[in-house]
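So this block is upload_13.txt, compact mmCIF, C-alpha atoms:
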```txt
# COMPACT_ATOMS: atom_id res chain seq x y z
CA MET A 7 0.00 0.00 0.00
CA ALA A 8 2.86 2.34 0.81
CA ALA A 9 4.48 1.57 -2.55
CA GLN A 10 1.19 2.38 -4.30
CA PHE A 11 1.02 5.69 -2.42
CA ASP A 12 4.56 6.56 -3.53
CA ILE A 13 3.68 5.89 -7.17
CA ASP A 14 0.54 8.01 -6.91
CA GLU A 15 2.51 10.76 -5.25
CA LEU A 16 5.06 10.65 -8.09
CA HIS A 17 2.29 10.99 -10.66
CA TRP A 18 0.93 14.00 -8.80
CA LEU A 19 4.34 15.62 -8.77
CA LEU A 20 4.82 14.96 -12.48
CA ASP A 21 1.38 16.47 -13.20
CA ILE A 22 2.32 19.56 -11.22
CA VAL A 23 5.67 19.89 -13.00
CA GLN A 24 3.93 19.66 -16.37
CA SER A 25 1.18 22.15 -15.59
CA ILE A 26 3.04 24.97 -13.79
CA ASP A 27 3.83 28.09 -15.79
CA VAL A 28 7.60 27.92 -15.29
CA GLY A 29 10.26 25.94 -17.07
CA VAL A 30 11.56 22.84 -15.28
CA VAL A 31 14.64 21.03 -16.57
CA VAL A 32 16.44 18.22 -14.76
CA MET A 33 19.90 17.21 -15.97
CA ASP A 34 22.41 14.60 -14.92
CA ARG A 35 25.96 15.54 -14.10
CA ASP A 36 26.92 15.32 -17.77
CA TYR A 37 24.32 17.97 -18.58
CA ARG A 38 22.04 15.49 -20.34
CA ILE A 39 18.37 16.26 -20.00
CA GLU A 40 16.08 13.87 -18.11
CA VAL A 41 13.06 16.07 -17.38
CA TRP A 42 11.69 18.62 -19.87
CA ASN A 43 8.31 20.00 -18.90
CA SER A 44 5.53 21.40 -21.08
CA PHE A 45 6.66 25.02 -20.56
CA MET A 46 10.00 24.13 -22.12
CA GLU A 47 8.29 22.17 -24.91
CA ASN A 48 5.99 25.05 -25.79
CA HIS A 49 8.67 27.74 -25.85
CA SER A 50 11.53 25.76 -27.39
CA GLY A 51 9.52 23.83 -29.95
CA LEU A 52 11.27 20.65 -28.78
CA GLY A 53 9.19 17.81 -27.38
CA SER A 54 10.36 15.87 -24.36
CA ALA A 55 11.17 12.89 -26.60
CA GLN A 56 13.61 15.07 -28.55
CA ALA A 57 15.12 16.71 -25.49
CA ASN A 58 15.50 13.68 -23.20
CA GLU A 59 18.99 12.19 -23.08
CA SER A 60 20.28 15.08 -25.24
CA SER A 61 23.10 17.38 -24.21
CA LEU A 62 21.89 20.79 -23.10
CA PHE A 63 24.75 22.49 -24.93
CA GLU A 64 24.13 20.62 -28.17
CA LEU A 65 20.47 21.61 -28.18
CA PHE A 66 21.21 25.21 -27.17
CA PRO A 67 24.68 26.20 -28.39
CA GLU A 68 23.92 29.86 -27.60
CA ILE A 69 24.37 29.13 -23.87
CA ASP A 70 27.71 30.34 -22.60
CA GLN A 71 29.02 26.93 -21.57
CA SER A 72 32.02 28.15 -19.59
CA TRP A 73 29.97 30.61 -17.54
CA PHE A 74 27.05 28.23 -17.02
CA THR A 75 29.07 25.18 -15.97
CA GLN A 76 31.02 27.26 -13.48
CA LYS A 77 27.75 28.51 -12.04
CA VAL A 78 26.35 24.97 -11.78
CA GLU A 79 29.51 23.36 -10.41
CA THR A 80 29.82 26.01 -7.72
CA SER A 81 26.21 25.40 -6.73
CA VAL A 82 26.80 21.62 -6.56
CA MET A 83 30.02 22.00 -4.58
CA LEU A 84 28.39 24.28 -1.99
CA GLY A 85 25.16 22.34 -1.98
CA THR A 86 23.12 25.54 -2.25
CA ARG A 87 20.86 27.13 -4.80
CA ALA A 88 22.26 29.59 -7.32
CA PHE A 89 20.43 32.26 -9.27
CA THR A 90 20.75 34.25 -12.46
CA ILE A 91 18.67 37.39 -12.97
CA TRP A 92 17.69 39.15 -16.17
CA GLU A 93 19.40 42.43 -15.20
CA GLN A 94 22.78 40.68 -15.38
CA ARG A 95 21.99 38.26 -18.21
CA PRO A 96 18.69 38.70 -20.09
CA ASN A 97 18.07 34.99 -20.60
CA LEU A 98 19.54 31.49 -20.49
CA PHE A 99 17.36 30.13 -23.29
CA ARG A 100 16.66 32.39 -26.25
CA PHE A 101 12.92 31.91 -26.38
CA LYS A 102 10.68 34.28 -28.30
CA SER A 103 8.38 36.46 -26.26
CA TYR A 104 4.66 36.01 -26.82
CA GLN A 105 3.45 38.25 -24.05
CA PRO A 106 1.00 41.01 -25.07
CA ILE A 107 3.39 43.89 -24.39
CA THR A 108 3.07 45.67 -27.74
CA GLY A 109 6.18 44.13 -29.22
CA LEU A 110 8.58 45.80 -26.82
CA ALA A 111 10.58 42.59 -26.32
CA ASP A 112 11.45 40.09 -29.03
CA GLU A 113 12.98 37.60 -26.60
CA MET A 114 11.81 36.32 -23.25
CA TYR A 115 13.57 37.77 -20.21
CA GLN A 116 14.31 35.06 -17.65
CA ASN A 117 15.30 34.54 -14.05
CA VAL A 118 16.80 31.11 -13.43
CA THR A 119 17.21 29.06 -10.25
CA ILE A 120 19.87 26.32 -10.22
CA LEU A 121 18.96 23.63 -7.69
CA PRO A 122 21.31 20.71 -6.83
CA LEU A 123 19.36 17.45 -6.32
CA ARG A 124 20.61 14.82 -3.90
CA SER A 125 19.84 11.12 -4.23
CA SER A 126 18.84 8.87 -1.31
CA THR A 127 22.55 8.22 -0.73
CA GLY A 128 23.23 11.94 -0.28
CA LYS A 129 25.12 12.26 -3.54
CA THR A 130 24.27 15.16 -5.85
CA ASP A 131 23.75 13.38 -9.15
CA HIS A 132 21.23 15.69 -10.79
CA VAL A 133 20.66 19.42 -11.17
CA CYS A 134 17.29 21.12 -11.63
CA LEU A 135 16.82 24.38 -13.54
CA ILE A 136 13.72 26.47 -12.89
CA ILE A 137 13.13 29.11 -15.57
CA TYR A 138 10.83 32.04 -14.81
CA ASP A 139 9.40 34.24 -17.55
CA VAL A 140 9.89 37.80 -16.24
CA THR A 141 9.44 39.62 -19.55
CA GLY A 142 6.60 41.79 -18.27
CA VAL A 143 8.58 42.89 -15.22
CA ALA A 144 11.70 43.56 -17.29
CA VAL A 145 9.90 45.58 -19.95
CA ASN A 146 8.05 47.65 -17.36
CA LYS A 147 11.30 48.41 -15.56
CA ARG A 148 13.03 49.34 -18.82
CA GLN A 149 10.13 51.62 -19.74
CA LEU A 150 10.26 53.27 -16.32
CA GLU A 151 14.02 53.78 -16.58
CA SER A 152 13.61 55.25 -20.07
CA ALA A 153 10.87 57.60 -18.86
CA ASN A 154 12.99 58.73 -15.90
CA THR A 155 15.95 59.35 -18.23
CA LYS A 156 13.76 61.49 -20.49
CA LEU A 157 12.45 63.42 -17.49
CA ARG A 158 15.99 64.09 -16.29
CA GLU A 159 16.93 65.16 -19.80
CA LEU A 160 13.94 67.50 -20.00
CA ALA A 161 14.89 69.05 -16.67
CA LEU A 162 18.28 70.00 -18.14
CA ARG A 163 16.94 71.53 -21.35
CA ASP A 164 15.11 74.63 -22.42
CA GLY A 165 11.52 73.86 -23.33
CA LEU A 166 11.35 76.00 -26.49
CA THR A 167 14.67 75.17 -28.14
CA GLY A 168 15.83 71.88 -26.65
CA LEU A 169 19.20 73.47 -25.87
CA LEU A 170 20.75 73.22 -22.42
CA ASN A 171 19.07 75.50 -19.94
CA ARG A 172 21.08 78.23 -18.25
CA ARG A 173 21.51 76.45 -14.93
CA TYR A 174 22.83 73.23 -16.44
CA TRP A 175 24.94 75.01 -19.05
CA GLU A 176 26.67 77.03 -16.33
CA SER A 177 27.46 73.81 -14.44
CA CYS A 178 29.13 72.53 -17.65
CA LEU A 179 31.16 75.73 -17.86
CA GLU A 180 32.15 75.39 -14.21
CA HIS A 181 33.35 71.85 -14.93
CA GLU A 182 35.38 73.02 -17.94
CA PHE A 183 36.89 75.82 -15.86
CA ALA A 184 38.09 73.25 -13.31
CA ARG A 185 39.45 71.06 -16.10
CA HIS A 186 41.37 74.02 -17.54
CA GLN A 187 42.92 74.77 -14.16
CA ARG A 188 44.11 71.18 -13.90
CA TYR A 189 45.19 70.43 -17.48
CA ASP A 190 45.64 73.90 -18.98
CA ASN A 191 43.53 72.96 -22.02
CA GLU A 192 42.09 75.62 -24.28
CA VAL A 193 38.46 76.62 -23.72
CA SER A 194 36.55 79.21 -25.73
CA LEU A 195 33.10 80.71 -25.44
CA VAL A 196 30.74 82.22 -28.01
CA MET A 197 27.84 84.40 -26.83
CA PHE A 198 25.30 85.80 -29.26
CA ASP A 199 21.81 87.17 -29.49
CA ILE A 200 19.26 87.83 -32.22
CA ASP A 201 19.41 91.36 -33.62
CA HIS A 202 16.34 93.56 -33.16
CA PHE A 203 14.37 90.66 -31.73
CA LYS A 204 11.74 92.96 -30.20
CA LYS A 205 11.04 94.33 -33.65
CA VAL A 206 10.52 90.78 -34.94
CA ASN A 207 7.96 90.13 -32.19
CA ASP A 208 6.20 93.47 -32.72
CA THR A 209 6.06 93.07 -36.51
CA PHE A 210 5.35 89.37 -36.95
CA GLY A 211 4.00 88.30 -33.57
CA HIS A 212 5.28 86.13 -30.75
CA GLN A 213 4.75 82.85 -32.60
CA ALA A 214 7.05 84.06 -35.34
CA GLY A 215 9.50 85.18 -32.67
CA ASP A 216 9.46 81.70 -31.17
CA GLU A 217 10.12 80.21 -34.61
CA VAL A 218 13.11 82.53 -35.06
CA ILE A 219 14.49 81.35 -31.69
CA ARG A 220 13.93 77.68 -32.58
CA THR A 221 15.57 78.14 -35.97
CA THR A 222 18.60 79.82 -34.40
CA ALA A 223 18.92 76.94 -31.93
CA ARG A 224 18.65 74.35 -34.73
CA LEU A 225 21.36 76.03 -36.81
CA THR A 226 23.60 76.29 -33.75
CA GLU A 227 23.28 72.57 -32.98
CA GLN A 228 23.94 71.67 -36.62
CA LEU A 229 27.26 73.52 -36.62
CA ALA A 230 28.39 72.51 -33.12
CA ARG A 231 30.32 69.34 -32.33
CA GLU A 232 29.05 66.62 -30.04
CA THR A 233 31.57 67.76 -27.42
CA ASP A 234 30.33 71.38 -27.46
CA PHE A 235 27.72 72.71 -25.03
CA CYS A 236 24.96 74.77 -26.66
CA GLY A 237 22.62 76.64 -24.35
CA ARG A 238 19.88 79.22 -24.28
CA TYR A 239 21.12 81.82 -21.85
CA GLY A 240 17.88 83.75 -21.64
CA GLY A 241 15.33 85.29 -23.99
CA GLU A 242 17.01 85.68 -27.39
CA GLU A 243 20.54 85.20 -26.02
CA PHE A 244 22.53 82.00 -26.63
CA VAL A 245 25.88 80.55 -25.61
CA VAL A 246 28.16 77.87 -27.03
CA LEU A 247 30.98 76.50 -24.89
CA LEU A 248 33.80 75.06 -27.01
CA PRO A 249 36.17 72.81 -25.05
CA ASP A 250 39.65 72.20 -26.45
CA THR A 251 39.18 75.05 -28.94
CA SER A 252 41.47 77.99 -29.57
CA LEU A 253 40.26 81.58 -29.92
CA GLU A 254 40.81 81.36 -33.67
CA GLY A 255 38.77 78.15 -33.89
CA ALA A 256 35.95 79.73 -31.89
CA GLN A 257 35.98 82.77 -34.17
CA GLN A 258 35.67 80.53 -37.23
CA PHE A 259 32.73 78.73 -35.64
CA ALA A 260 31.07 82.06 -34.81
CA GLU A 261 31.46 83.33 -38.36
CA ARG A 262 30.03 80.14 -39.87
CA LEU A 263 27.06 80.44 -37.54
CA ARG A 264 26.55 84.14 -38.33
CA GLN A 265 26.59 83.48 -42.06
CA SER A 266 24.28 80.50 -41.72
CA VAL A 267 21.71 82.57 -39.81
CA GLU A 268 22.04 85.47 -42.26
CA ARG A 269 21.21 83.15 -45.19
CA GLN A 270 18.19 81.70 -43.42
CA GLN A 271 14.78 82.88 -44.65
CA LEU A 272 11.56 81.93 -42.92
CA ASP A 273 8.16 82.07 -44.56
CA HIS A 274 5.67 83.89 -42.37
CA GLN A 275 2.22 83.79 -43.97
CA GLY A 276 3.73 84.44 -47.38
CA THR A 277 6.06 87.15 -46.12
CA PRO A 278 9.81 86.39 -46.05
CA LEU A 279 11.33 86.79 -42.61
CA THR A 280 15.07 87.21 -42.31
CA PHE A 281 17.14 87.97 -39.24
CA THR A 282 20.75 88.22 -38.08
CA ILE A 283 22.78 87.67 -34.93
CA SER A 284 25.62 89.49 -33.18
CA LEU A 285 28.36 87.48 -31.52
CA GLY A 286 31.13 87.84 -28.98
CA VAL A 287 34.03 85.40 -28.65
CA ALA A 288 36.43 84.96 -25.73
CA ARG A 289 38.83 82.37 -24.41
CA LEU A 290 39.59 81.17 -20.92
CA THR A 291 42.85 82.52 -19.51
CA ASP A 292 44.90 81.72 -16.41
CA ALA A 293 44.24 85.24 -15.12
CA MET A 294 40.52 84.54 -14.74
CA GLU A 295 39.59 83.74 -11.16
CA ASN A 296 36.31 82.02 -11.96
CA TYR A 297 34.17 80.89 -14.86
CA GLN A 298 31.95 83.99 -14.62
CA ALA A 299 34.93 86.04 -15.83
CA LEU A 300 34.81 84.21 -19.17
CA ILE A 301 31.10 84.99 -19.52
CA GLU A 302 31.76 88.66 -18.77
CA ARG A 303 34.51 88.87 -21.37
CA ALA A 304 32.42 87.22 -24.08
CA ASP A 305 29.45 89.41 -23.14
CA LYS A 306 31.58 92.56 -23.54
CA ALA A 307 32.68 91.39 -26.97
CA LEU A 308 29.02 90.78 -27.87
CA TYR A 309 28.16 94.30 -26.74
CA GLN A 310 30.88 95.68 -29.02
CA SER A 311 29.37 93.80 -31.96
CA LYS A 312 25.99 95.37 -31.27
CA GLU A 313 27.53 98.82 -30.84
CA GLY A 314 29.47 98.34 -34.09
CA GLY A 315 26.38 97.84 -36.20
CA ARG A 316 25.22 94.25 -35.41
CA ASN A 317 25.43 91.17 -37.62
CA ARG A 318 29.10 90.79 -36.84
CA THR A 319 31.54 88.87 -34.67
CA THR A 320 33.86 90.53 -32.16
CA VAL A 321 36.77 88.69 -30.58
CA ALA A 322 37.82 89.71 -27.07
CA GLU A 323 41.51 90.51 -27.03
```
The structure given in the file should be rewritten as structure tokens.
Amino acid sequence: MAAQFDIDELHWLLDIVQSIDVGVVVMDRDYRIEVWNSFMENHSGLGSAQANESSLFELFPEIDQSWFTQKVETSVMLGTRAFTIWEQRPNLFRFKSYQPITGLADEMYQNVTILPLRSSTGKTDHVCLIIYDVTGVAVNKRQLESANTKLRELALRDGLTGLLNRRYWESCLEHEFARHQRYDNEVSLVMFDIDHFKKVNDTFGHQAGDEVIRTTARLTEQLARETDFCGRYGGEEFVVLLPDTSLEGAQQFAERLRQSVERQQLDHQGTPLTFTISLGVARLTDAMENYQALIERADKALYQSKEGGRNRTTVAE
């Protein structure tokens, strides 16, 4: 009667293993499969008859054998469970994802438990793998991280132009000032504003004024390098911080930008709208006590451009 109970109990356990919504794989110490439940059949496309007695690594050559065997052997030696999580390694088995998550994941994300199995003699002669489908959790976390990154990015940028806002741009300048003090690298600054911007607003309206500002920002970003810091300093005033750039190089950049803006023509309700900018260029020197001194010097050069007739570049000597 006891033997009959044990057989019944075994059938119950096998039914449970087959019906649960996790992968269950049992392997011998040569990594040959002995149990392959319905979860694994459904997601791998391999029936238990195909998988049984087959080498795990022959069936799934994409598994990093060196990493996985070390993980398993350590677990067996210590006699404790081991785990792999999707944040460190997205999956052990490259199964397609069929979860209704709008196609945000092509492959299933998995957490895996490695469980040493002891026989009645106390010897560990089998290892069980339990594979959990955590695609939904992983995708939600990735979406949340992406949203948080975008929010942080938005907090650093001007809403109208997408350029760096004044507060963040000044922190970049402060960092470059410290780098200059340490490494004596060249740093230049270009400050500029849109000529007669109030007249543009009064003549064409504030929406046209906003379009002029956005266009100026777009042209600035197109001409700047990835290592440059373009910012909206306030109103119609802009700044471009040019690390590792000489005064001559900054002047060339400023002139290219001035000419690019001068050539630009916007269409405002059938009326051509043109505008220009005035620019001041300065470089960081050892005599400057702080980064604000560079801003002041570039601002003075900008003022000279405006006093000299606008639509020109002045270099601070």
Exercise. What does the distance between atom CA of Arg316 of chain A and atom CA of Ile283 of chain A come to in Å, to one decimal place?
Worked result: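 Going from atom CA of Arg316 of chain A over to atom CA of Ile283 of chain A, I get 7.0 Å.
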Exercise. Which of these residues is nearest to Gln310 of chain A, using all atoms listed in the file: A:Gly241, A:Gly142, A:Gly286, A:Gly85?
Worked result: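 Among the listed residues, the smallest separation from Gln310 of chain A belongs to A:Gly286.
Picture a line from atom CA of Pro67 of chain A to atom CA of Ile39 of chain A; it runs 14.5 Å.
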Exercise. Near segment 217-225 of chain A, counting only C-alpha atoms, which residues have an atom at most 6 Å away, once you skip same-chain residues fewer than 3 positions from it, shown as a PyMOL selection string?
Worked result: chain A and resi 167+214+228
Problem set entry | Nearby residues (only C-alpha atoms) at most 10 Å from Asp292 of chain A, same-chain spacing under 4 positions excluded, as JSON, numbers by chain | {"A": [183, 186, 187, 190, 296]}
Seminar exercise, completed: Among A:Glu192, A:Phe203, A:Gly215, A:Met197, Asp250 of chain A is approached most closely, using all atoms listed in the file, by A:Glu192
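The gap separating atom CA of Phe66 of chain A from atom CA of Tyr115 of chain A is 16.3 Å, in Å to one decimal.
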